[in-house]
file protein.cif (mmCIF, C-alpha atoms)
data_upload
#
loop_
_atom_site.label_atom_id
_atom_site.label_comp_id
_atom_site.auth_asym_id
_atom_site.auth_seq_id
_atom_site.Cartn_x
_atom_site.Cartn_y
_atom_site.Cartn_z
CA ALA A 1 144.23 72.96 109.44
CA LEU A 2 144.05 76.73 109.67
CA THR A 3 140.37 76.94 110.63
CA ALA A 4 140.84 74.30 113.36
CA GLN A 5 143.15 76.55 115.40
CA LEU A 6 141.61 78.16 118.47
CA ASP A 7 144.55 80.32 119.52
CA VAL A 8 145.27 83.61 117.72
CA ASP A 9 149.05 83.13 117.71
CA GLN A 10 148.64 79.60 116.31
CA VAL A 11 146.35 80.94 113.58
CA LEU A 12 148.97 83.49 112.52
CA GLU A 13 151.74 80.88 112.53
CA GLU A 14 149.66 78.45 110.50
CA ALA A 15 148.75 81.21 108.01
CA TYR A 16 152.43 81.92 107.47
CA ARG A 17 153.24 78.25 106.93
CA GLY A 18 150.38 77.93 104.45
CA ALA A 19 151.44 81.01 102.51
CA SER A 20 155.06 79.83 102.45
CA ARG A 21 154.07 76.69 100.56
CA LEU A 22 152.67 78.77 97.68
CA LEU A 23 154.42 82.15 97.72
CA ASP A 24 157.72 83.85 98.43
CA THR A 25 157.30 84.78 102.10
CA THR A 26 160.87 85.87 102.76
CA ASN A 27 159.29 89.12 103.94
CA PHE A 28 155.83 88.49 105.32
CA PHE A 29 153.63 90.14 107.92
CA ILE A 30 150.14 90.16 109.36
CA GLY A 31 148.91 93.42 110.86
CA LEU A 32 145.75 93.39 113.00
CA HIS A 33 143.54 96.46 113.24
CA ASP A 34 142.71 97.53 116.78
CA ARG A 35 139.55 99.57 116.18
CA ASP A 36 139.38 100.93 119.73
CA ARG A 37 142.84 102.50 119.48
CA ASP A 38 142.71 102.87 115.68
CA VAL A 39 146.16 101.37 115.26
CA ILE A 40 147.65 98.42 113.41
CA ASP A 41 149.47 95.91 115.59
CA PHE A 42 151.95 93.85 113.60
CA ALA A 43 151.21 90.61 115.38
CA PHE A 44 153.33 88.39 113.09
CA GLN A 45 156.33 89.36 111.02
CA VAL A 46 159.17 87.70 109.16
CA THR A 47 161.56 90.20 107.58
CA GLU A 48 165.07 90.77 106.30
CA SER A 49 164.79 94.45 107.21
CA GLU A 50 166.20 95.68 110.50
CA ILE A 51 164.19 98.88 110.03
CA ASP A 52 160.89 96.99 109.73
CA GLU A 53 161.79 94.75 112.64
CA GLU A 54 162.24 97.81 114.87
CA GLU A 55 159.57 100.16 113.49
CA LEU A 56 156.73 97.84 112.46
CA THR A 57 155.30 96.99 115.85
CA THR A 58 152.32 99.33 116.18
CA VAL A 59 151.48 102.19 113.81
CA PRO A 60 148.47 104.52 113.38
CA ALA A 61 145.83 102.98 111.13
CA ASP A 62 145.90 105.96 108.76
CA ARG A 63 149.52 105.39 107.74
CA GLY A 64 151.33 103.16 105.30
CA LEU A 65 150.07 100.72 102.71
CA SER A 66 148.47 98.60 105.43
CA GLY A 67 146.39 101.57 106.54
CA TYR A 68 145.38 102.22 102.93
CA ILE A 69 144.17 98.63 102.57
CA ILE A 70 142.16 98.79 105.80
CA ARG A 71 140.52 102.09 104.82
CA ASN A 72 139.72 101.04 101.26
CA ARG A 73 139.04 97.33 101.92
CA GLU A 74 140.94 96.31 98.79
CA SER A 75 144.15 94.53 97.86
CA VAL A 76 147.23 96.40 96.65
CA LEU A 77 149.74 95.01 94.14
CA ILE A 78 152.73 97.22 93.39
CA ARG A 79 155.16 95.61 90.98
CA ARG A 80 157.83 98.33 91.23
CA ASP A 81 158.39 101.99 92.24
CA VAL A 82 156.60 101.47 95.57
CA LEU A 83 157.48 104.91 96.93
CA LYS A 84 156.20 106.56 93.75
CA TRP A 85 152.90 104.67 94.07
CA GLN A 86 152.54 105.71 97.70
CA LYS A 87 153.25 109.36 96.89
CA LYS A 88 150.68 109.30 94.08
CA HIS A 89 148.02 108.02 96.48
CA GLY A 90 148.96 110.37 99.32
CA ILE A 91 150.22 107.61 101.61
CA LYS A 92 152.75 108.33 104.33
CA ALA A 93 155.41 105.63 104.09
CA VAL A 94 156.10 103.36 107.05
CA GLY A 95 159.14 101.13 107.38
CA GLU A 96 161.83 100.38 104.81
CA PRO A 97 160.87 101.07 101.16
CA ALA A 98 160.21 97.89 99.20
CA ALA A 99 161.09 97.08 95.59
CA SER A 100 157.79 95.22 95.13
CA TRP A 101 154.80 94.85 97.47
CA LEU A 102 151.60 92.84 97.71
CA GLY A 103 148.99 93.15 100.45
CA VAL A 104 145.40 92.00 100.94
CA PRO A 105 142.77 92.70 103.61
CA LEU A 106 141.61 90.21 106.24
CA ILE A 107 137.83 90.54 105.99
CA VAL A 108 135.00 88.77 107.80
CA GLY A 109 131.55 90.00 106.78
CA ASP A 110 131.73 93.79 106.82
CA GLN A 111 134.65 93.94 109.27
CA VAL A 112 138.30 94.39 108.27
CA LEU A 113 140.39 92.54 110.83
CA GLY A 114 143.74 93.54 109.37
CA VAL A 115 146.21 93.02 106.56
CA MET A 116 148.36 90.20 105.20
CA ALA A 117 151.30 91.23 103.04
CA ILE A 118 154.47 90.02 101.33
CA GLN A 119 157.23 92.18 99.89
CA SER A 120 160.73 92.22 98.48
CA PHE A 121 163.37 94.82 99.24
CA THR A 122 165.57 93.81 96.30
CA THR A 123 163.47 92.42 93.44
CA PRO A 124 160.96 94.43 91.39
CA ASP A 125 158.13 92.59 89.58
CA LEU A 126 158.32 89.68 92.02
CA PHE A 127 154.54 89.38 92.43
CA ASP A 128 151.67 89.25 89.93
CA GLU A 129 147.88 88.86 89.81
CA GLN A 130 148.08 85.12 90.41
CA ASP A 131 150.03 85.75 93.60
CA ARG A 132 147.42 88.30 94.64
CA ASP A 133 144.63 85.77 94.14
CA LEU A 134 146.52 83.12 96.14
CA LEU A 135 147.25 85.53 98.99
CA THR A 136 143.62 86.68 99.00
CA SER A 137 142.43 83.09 99.34
CA ILE A 138 144.80 82.49 102.27
CA ALA A 139 143.78 85.79 103.88
CA ASN A 140 140.08 84.89 103.65
CA GLN A 141 140.66 81.60 105.47
CA THR A 142 142.90 83.34 108.00
CA ALA A 143 140.25 85.97 108.75
CA ILE A 144 137.62 83.30 109.48
CA ALA A 145 140.07 81.40 111.70
CA LEU A 146 141.03 84.61 113.54
CA GLN A 147 137.41 85.46 114.21
CA SER A 148 136.76 81.98 115.56
CA ALA A 149 139.88 82.06 117.75
CA ARG A 150 138.93 85.44 119.17
CA LEU A 151 135.40 84.28 119.95
CA PHE A 152 136.79 81.18 121.64
CA GLU A 153 139.23 83.23 123.72
CA GLU A 154 136.45 85.63 124.72
CA THR A 155 134.22 82.72 125.72
CA GLN A 156 137.04 81.25 127.81
CA ARG A 157 137.69 84.63 129.43
CA ARG A 158 134.05 85.10 130.36
CA ALA A 159 133.82 81.58 131.75
CA SER A 160 136.92 82.23 133.84
CA GLN A 161 135.45 85.48 135.15
CA LEU A 162 132.19 83.79 136.12
CA THR A 163 134.12 81.11 137.98
CA ALA A 164 136.20 83.76 139.71
CA ALA A 165 133.08 85.72 140.66
CA ALA A 166 131.57 82.61 142.22
CA GLU A 167 134.77 81.99 144.18
CA VAL A 168 134.83 85.59 145.44
CA ALA A 169 131.19 85.36 146.53
CA ARG A 170 131.78 82.02 148.25
CA ASP A 171 134.83 83.22 150.15
CA ALA A 172 133.28 86.57 151.05
CA THR A 173 130.13 85.08 152.57
CA ALA A 174 132.24 83.22 155.11
CA ILE A 175 133.49 86.52 156.62
CA LEU A 176 131.34 88.16 159.30
CA GLU A 177 133.37 91.23 160.27
CA VAL A 178 132.53 94.16 157.97
CA GLU A 179 136.03 95.66 157.85
CA ARG A 180 137.66 92.33 157.15
CA LEU A 181 134.94 91.50 154.63
CA LEU A 182 135.69 94.65 152.60
CA ASP A 183 139.46 94.14 152.73
CA GLU A 184 139.27 90.50 151.73
CA THR A 185 136.74 91.19 148.98
CA VAL A 186 138.86 93.76 147.14
CA HIS A 187 141.95 91.57 147.40
CA LEU A 188 140.02 88.55 146.10
CA ILE A 189 138.69 90.60 143.19
CA SER A 190 142.17 91.88 142.31
CA GLU A 191 143.64 88.40 142.50
CA GLN A 192 140.90 86.46 140.72
CA PHE A 193 140.29 88.98 137.93
CA ASP A 194 143.92 90.06 137.64
CA PHE A 195 142.99 93.72 138.11
CA TYR A 196 145.69 96.35 138.61
CA HIS A 197 143.82 97.70 141.61
CA ALA A 198 140.35 97.62 143.16
CA GLY A 199 138.52 99.48 145.90
CA VAL A 200 135.26 99.56 147.82
CA PHE A 201 133.66 102.96 148.34
CA LEU A 202 130.74 103.49 150.74
CA VAL A 203 128.45 106.51 150.75
CA ASP A 204 128.77 108.59 153.94
CA GLU A 205 125.90 109.22 156.35
CA GLN A 206 125.04 112.55 154.72
CA LYS A 207 124.96 110.78 151.34
CA GLU A 208 127.28 113.40 149.88
CA TYR A 209 130.54 111.55 149.36
CA ALA A 210 131.74 108.09 148.43
CA VAL A 211 134.43 107.24 150.96
CA LEU A 212 137.17 104.72 150.22
CA GLN A 213 136.89 101.93 152.76
CA ALA A 214 139.04 99.14 151.34
CA PRO A 215 141.82 99.64 148.79
CA SER A 216 143.73 96.72 147.30
CA SER A 217 146.53 98.78 145.82
CA GLU A 218 149.20 101.29 146.74
CA VAL A 219 147.57 103.57 144.18
CA TYR A 220 144.95 104.25 146.82
CA LEU A 221 147.13 103.96 149.89
CA HIS A 222 149.55 106.63 148.65
CA GLU A 223 147.06 108.60 146.54
CA MET A 224 149.22 107.93 143.50
CA PRO A 225 147.54 108.20 140.05
CA GLY A 226 147.70 104.94 138.10
CA GLY A 227 149.85 106.36 135.31
CA GLN A 228 152.41 107.75 137.74
CA TYR A 229 152.43 104.47 139.68
CA THR A 230 153.23 102.51 136.52
CA ASN A 231 155.90 104.94 135.29
CA LEU A 232 157.56 105.26 138.68
CA ARG A 233 157.67 101.53 139.28
CA GLU A 234 159.10 100.89 135.81
CA GLN A 235 161.85 103.44 136.49
CA ALA A 236 162.63 101.75 139.79
CA ARG A 237 162.82 98.40 138.03
CA ALA A 238 165.07 99.77 135.28
CA LEU A 239 167.45 101.23 137.86
CA GLY A 240 167.58 98.00 139.84
CA ILE A 241 166.00 99.43 143.00
CA GLU A 242 162.57 97.82 142.81
CA GLN A 243 163.29 95.97 146.05
CA ASN A 244 163.00 99.38 147.75
CA TRP A 245 159.55 100.04 146.28
CA PRO A 246 157.66 100.30 149.61
CA GLN A 247 160.03 103.07 150.78
CA ILE A 248 159.81 104.79 147.38
CA ALA A 249 156.00 104.81 147.49
CA GLU A 250 155.99 106.16 151.05
CA THR A 251 158.45 108.89 150.07
CA TYR A 252 156.18 109.85 147.19
CA ALA A 253 153.25 110.26 149.62
CA ASP A 254 155.36 112.27 152.09
CA VAL A 255 156.61 114.67 149.41
CA ASN A 256 153.11 115.02 148.01
CA ASP A 257 151.77 115.98 151.45
CA MET A 258 154.70 118.29 152.12
CA PHE A 259 154.08 120.37 148.99
CA GLY A 260 150.29 120.37 149.13
CA ASN A 261 149.41 117.53 146.77
CA ILE A 262 151.16 119.02 143.75
CA VAL A 263 153.42 116.16 142.66
CA LYS A 264 152.59 115.42 139.03
CA GLU A 265 155.78 114.01 137.58
CA LEU A 266 158.57 112.20 139.34
CA PHE A 267 161.75 110.87 137.81
CA PHE A 268 164.79 109.01 139.03
CA HIS A 269 168.23 110.04 137.83
CA ARG A 270 171.18 107.72 138.08
CA LYS A 271 174.22 109.47 139.54
CA ARG A 272 177.09 109.42 137.07
CA SER A 273 180.40 108.09 138.24
CA PRO A 274 183.33 110.50 137.82
CA ARG A 275 185.61 109.63 134.92
#

call {"tool": "encode", "arguments": {"input": "protein.cif", "output": "structure tokens"}}
result
Amino acid sequence: ALTAQLDVDQVLEEAYRGASRLLDTTNFFIGLHDRDRDVIDFAFQVTESEIDEEELTTVPADRGLSGYIIRNRESVLIRRDVLKWQKKHGIKAVGEPAASWLGVPLIVGDQVLGVMAIQSFTTPDLFDEQDRDLLTSIANQTAIALQSARLFEETQRRASQLTAAAEVARDATAILEVERLLDETVHLISEQFDFYHAGVFLVDEQKEYAVLQAPSSEVYLHEMPGGQYTNLREQARALGIEQNWPQIAETYADVNDMFGNIVKELFFHRKRSPR
């Protein structure tokens, strides 16, 4: 049953299977609203459109019919002339234009979790009010199941963090040397909590500065900002030279020192072979 699922991906899959038994879901998607980023993540999608498959991954929440539904908290049934309807309502189109479109909000209490929609790229007048009512019923059950799955996942995450914290405390108390204690602690925190990097800062004797005593990441060792670290490492991976990462990071630090800490952007360029 849909409400018995405790995994978000399983909820979305089960919602699709349930809708498919009652409606034409040849083109079906569920978009989830990320309120922190104010975007719609298309977490589940079945489509005939190559355009939608490529473009409908994440879009700003103020765009498209999905954004309209989230803002207005109401279903949208467009039998035909979808682009004309969007233009009339001042909606910036997203994805491939449909011939007919039906979407409903995923609502729990006063919170809109996202959108569930079906569409056809070839057939006008494919959906009617009965289809809207059926999709609304499925969306209501899906929203409740999503909320439950998210709460379950959050509970599991917090329990895992508490267990990890206890393990870090247990392992740390067995270390008597201060320097080793700090080093081991930040590495345990990074490992147990799956953090990108961690560090321990201690206030100096004059109580003016917090001084880094134990970094767990090359971000600190090479004074490399996190965004540059990520971009640079991804470029190294794409070029097939990630195995040389330690030398690359050291070179970054050397160049940064050489030019007075001014390195802001760094790119690799693959040398082209002569034709």

call {"tool": "resolve_selection", "arguments": {"input": "protein.cif", "expression": "the PyMOL selection byres ((chain A and resi 18-35) around 6)", "output": "PyMOL selection string"}}
result
chain A and resi 15-17+36-47+113-119

call {"tool": "atom_distance", "arguments": {"input": "protein.cif", "atom1": "atom CA of Val82 of chain A", "atom2": "atom CA of Pro97 of chain A"}}
result
7.0 Å

call {"tool": "resolve_selection", "arguments": {"input": "protein.cif", "expression": "the PyMOL selection byres ((chain A and resi 165-180) around 12)", "output": "list in words"}}
result
Arg158, Ala159, Ser160, Gln161, Leu162, Thr163, Ala164, Leu181, Leu182, Asp183, Glu184, Thr185, Val186, His187, Leu188, Ile189, Ser190, Glu191, Gln192, Phe193, Val200, Leu202, Leu212, Gln213, Ala214 and Pro215 of chain A

call {"tool": "write_last_selection", "arguments": {"input": "protein.cif", "atoms": "C-alpha atoms", "output": "PDB file, in the coordinates of the input"}}
result
ATOM      1  CA  ARG A 158     134.050  85.100 130.360  1.00  0.00           C
ATOM      2  CA  ALA A 159     133.820  81.580 131.750  1.00  0.00           C
ATOM      3  CA  SER A 160     136.920  82.230 133.840  1.00  0.00           C
ATOM      4  CA  GLN A 161     135.450  85.480 135.150  1.00  0.00           C
ATOM      5  CA  LEU A 162     132.190  83.790 136.120  1.00  0.00           C
ATOM      6  CA  THR A 163     134.120  81.110 137.980  1.00  0.00           C
ATOM      7  CA  ALA A 164     136.200  83.760 139.710  1.00  0.00           C
ATOM      8  CA  LEU A 181     134.940  91.500 154.630  1.00  0.00           C
ATOM      9  CA  LEU A 182     135.690  94.650 152.600  1.00  0.00           C
ATOM     10  CA  ASP A 183     139.460  94.140 152.730  1.00  0.00           C
ATOM     11  CA  GLU A 184     139.270  90.500 151.730  1.00  0.00           C
ATOM     12  CA  THR A 185     136.740  91.190 148.980  1.00  0.00           C
ATOM     13  CA  VAL A 186     138.860  93.760 147.140  1.00  0.00           C
ATOM     14  CA  HIS A 187     141.950  91.570 147.400  1.00  0.00           C
ATOM     15  CA  LEU A 188     140.020  88.550 146.100  1.00  0.00           C
ATOM     16  CA  ILE A 189     138.690  90.600 143.190  1.00  0.00           C
ATOM     17  CA  SER A 190     142.170  91.880 142.310  1.00  0.00           C
ATOM     18  CA  GLU A 191     143.640  88.400 142.500  1.00  0.00           C
ATOM     19  CA  GLN A 192     140.900  86.460 140.720  1.00  0.00           C
ATOM     20  CA  PHE A 193     140.290  88.980 137.930  1.00  0.00           C
ATOM     21  CA  VAL A 200     135.260  99.560 147.820  1.00  0.00           C
ATOM     22  CA  LEU A 202     130.740 103.490 150.740  1.00  0.00           C
ATOM     23  CA  LEU A 212     137.170 104.720 150.220  1.00  0.00           C
ATOM     24  CA  GLN A 213     136.890 101.930 152.760  1.00  0.00           C
ATOM     25  CA  ALA A 214     139.040  99.140 151.340  1.00  0.00           C
ATOM     26  CA  PRO A 215     141.820  99.640 148.790  1.00  0.00           C
TER      27      PRO A 215
END

call {"tool": "resolve_selection", "arguments": {"input": "protein.cif", "expression": "the PyMOL selection byres ((chain A and resi 122-138) around 8)", "output": "ChimeraX atom specification"}}
result
/A:15,18-19,22-23,75,77,79-80,98-105,116,120-121,139-142

call {"tool": "closest_residue", "arguments": {"input": "protein.cif", "among": "A:Asp110, A:Ala210, A:Gly95, A:Leu239", "to": "Glu50 of chain A", "atoms": "only C-alpha atoms"}}
result
A:Gly95

call {"tool": "atom_distance", "arguments": {"input": "protein.cif", "atom1": "atom CA of Arg157 of chain A", "atom2": "atom CA of Thr58 of chain A"}}
result
24.6 Å

call {"tool": "atom_distance", "arguments": {"input": "protein.cif", "atom1": "atom CA of Ala236 of chain A", "atom2": "atom CA of Val59 of chain A"}}
result
28.3 Å

call {"tool": "build_atoms", "arguments": {"input": "protein.cif", "residues": "segment 3-17 of chain A", "atoms": "N, CA, C and O atoms", "output": "PDB file, keeping the file's coordinate frame"}}
result
ATOM      1  N   THR A   3     141.630  76.623 109.969  1.00  0.00           N
ATOM      2  CA  THR A   3     140.370  76.940 110.630  1.00  0.00           C
ATOM      3  C   THR A   3     140.144  76.115 111.891  1.00  0.00           C
ATOM      4  O   THR A   3     139.201  76.388 112.645  1.00  0.00           O
ATOM      5  N   ALA A   4     140.991  75.124 112.153  1.00  0.00           N
ATOM      6  CA  ALA A   4     140.840  74.300 113.360  1.00  0.00           C
ATOM      7  C   ALA A   4     141.573  74.900 114.551  1.00  0.00           C
ATOM      8  O   ALA A   4     141.407  74.432 115.676  1.00  0.00           O
ATOM      9  N   GLN A   5     142.384  75.933 114.311  1.00  0.00           N
ATOM     10  CA  GLN A   5     143.150  76.550 115.400  1.00  0.00           C
ATOM     11  C   GLN A   5     142.251  77.444 116.238  1.00  0.00           C
ATOM     12  O   GLN A   5     141.428  78.185 115.708  1.00  0.00           O
ATOM     13  N   LEU A   6     142.416  77.367 117.565  1.00  0.00           N
ATOM     14  CA  LEU A   6     141.610  78.160 118.470  1.00  0.00           C
ATOM     15  C   LEU A   6     142.436  79.142 119.285  1.00  0.00           C
ATOM     16  O   LEU A   6     141.957  79.708 120.256  1.00  0.00           O
ATOM     17  N   ASP A   7     143.665  79.356 118.883  1.00  0.00           N
ATOM     18  CA  ASP A   7     144.550  80.320 119.520  1.00  0.00           C
ATOM     19  C   ASP A   7     145.030  81.297 118.449  1.00  0.00           C
ATOM     20  O   ASP A   7     145.471  80.871 117.373  1.00  0.00           O
ATOM     21  N   VAL A   8     144.942  82.598 118.733  1.00  0.00           N
ATOM     22  CA  VAL A   8     145.270  83.610 117.720  1.00  0.00           C
ATOM     23  C   VAL A   8     146.699  83.449 117.222  1.00  0.00           C
ATOM     24  O   VAL A   8     146.952  83.491 116.010  1.00  0.00           O
ATOM     25  N   ASP A   9     147.654  83.274 118.129  1.00  0.00           N
ATOM     26  CA  ASP A   9     149.050  83.130 117.710  1.00  0.00           C
ATOM     27  C   ASP A   9     149.240  81.900 116.818  1.00  0.00           C
ATOM     28  O   ASP A   9     150.010  81.928 115.848  1.00  0.00           O
ATOM     29  N   GLN A  10     148.542  80.809 117.139  1.00  0.00           N
ATOM     30  CA  GLN A  10     148.640  79.600 116.310  1.00  0.00           C
ATOM     31  C   GLN A  10     148.037  79.832 114.934  1.00  0.00           C
ATOM     32  O   GLN A  10     148.539  79.321 113.931  1.00  0.00           O
ATOM     33  N   VAL A  11     146.961  80.614 114.876  1.00  0.00           N
ATOM     34  CA  VAL A  11     146.350  80.940 113.580  1.00  0.00           C
ATOM     35  C   VAL A  11     147.339  81.704 112.704  1.00  0.00           C
ATOM     36  O   VAL A  11     147.511  81.403 111.514  1.00  0.00           O
ATOM     37  N   LEU A  12     148.012  82.692 113.280  1.00  0.00           N
ATOM     38  CA  LEU A  12     148.970  83.490 112.520  1.00  0.00           C
ATOM     39  C   LEU A  12     150.140  82.638 112.037  1.00  0.00           C
ATOM     40  O   LEU A  12     150.593  82.766 110.895  1.00  0.00           O
ATOM     41  N   GLU A  13     150.624  81.767 112.898  1.00  0.00           N
ATOM     42  CA  GLU A  13     151.740  80.880 112.530  1.00  0.00           C
ATOM     43  C   GLU A  13     151.335  79.937 111.411  1.00  0.00           C
ATOM     44  O   GLU A  13     152.093  79.723 110.456  1.00  0.00           O
ATOM     45  N   GLU A  14     150.139  79.373 111.515  1.00  0.00           N
ATOM     46  CA  GLU A  14     149.660  78.450 110.500  1.00  0.00           C
ATOM     47  C   GLU A  14     149.421  79.172 109.170  1.00  0.00           C
ATOM     48  O   GLU A  14     149.676  78.614 108.091  1.00  0.00           O
ATOM     49  N   ALA A  15     148.946  80.421 109.228  1.00  0.00           N
ATOM     50  CA  ALA A  15     148.750  81.210 108.010  1.00  0.00           C
ATOM     51  C   ALA A  15     150.073  81.430 107.298  1.00  0.00           C
ATOM     52  O   ALA A  15     150.153  81.332 106.055  1.00  0.00           O
ATOM     53  N   TYR A  16     151.101  81.718 108.063  1.00  0.00           N
ATOM     54  CA  TYR A  16     152.430  81.920 107.470  1.00  0.00           C
ATOM     55  C   TYR A  16     152.933  80.635 106.811  1.00  0.00           C
ATOM     56  O   TYR A  16     153.453  80.665 105.684  1.00  0.00           O
ATOM     57  N   ARG A  17     152.771  79.520 107.501  1.00  0.00           N
ATOM     58  CA  ARG A  17     153.240  78.250 106.930  1.00  0.00           C
ATOM     59  C   ARG A  17     152.475  77.920 105.646  1.00  0.00           C
ATOM     60  O   ARG A  17     153.060  77.452 104.660  1.00  0.00           O
TER      61      ARG A  17
END
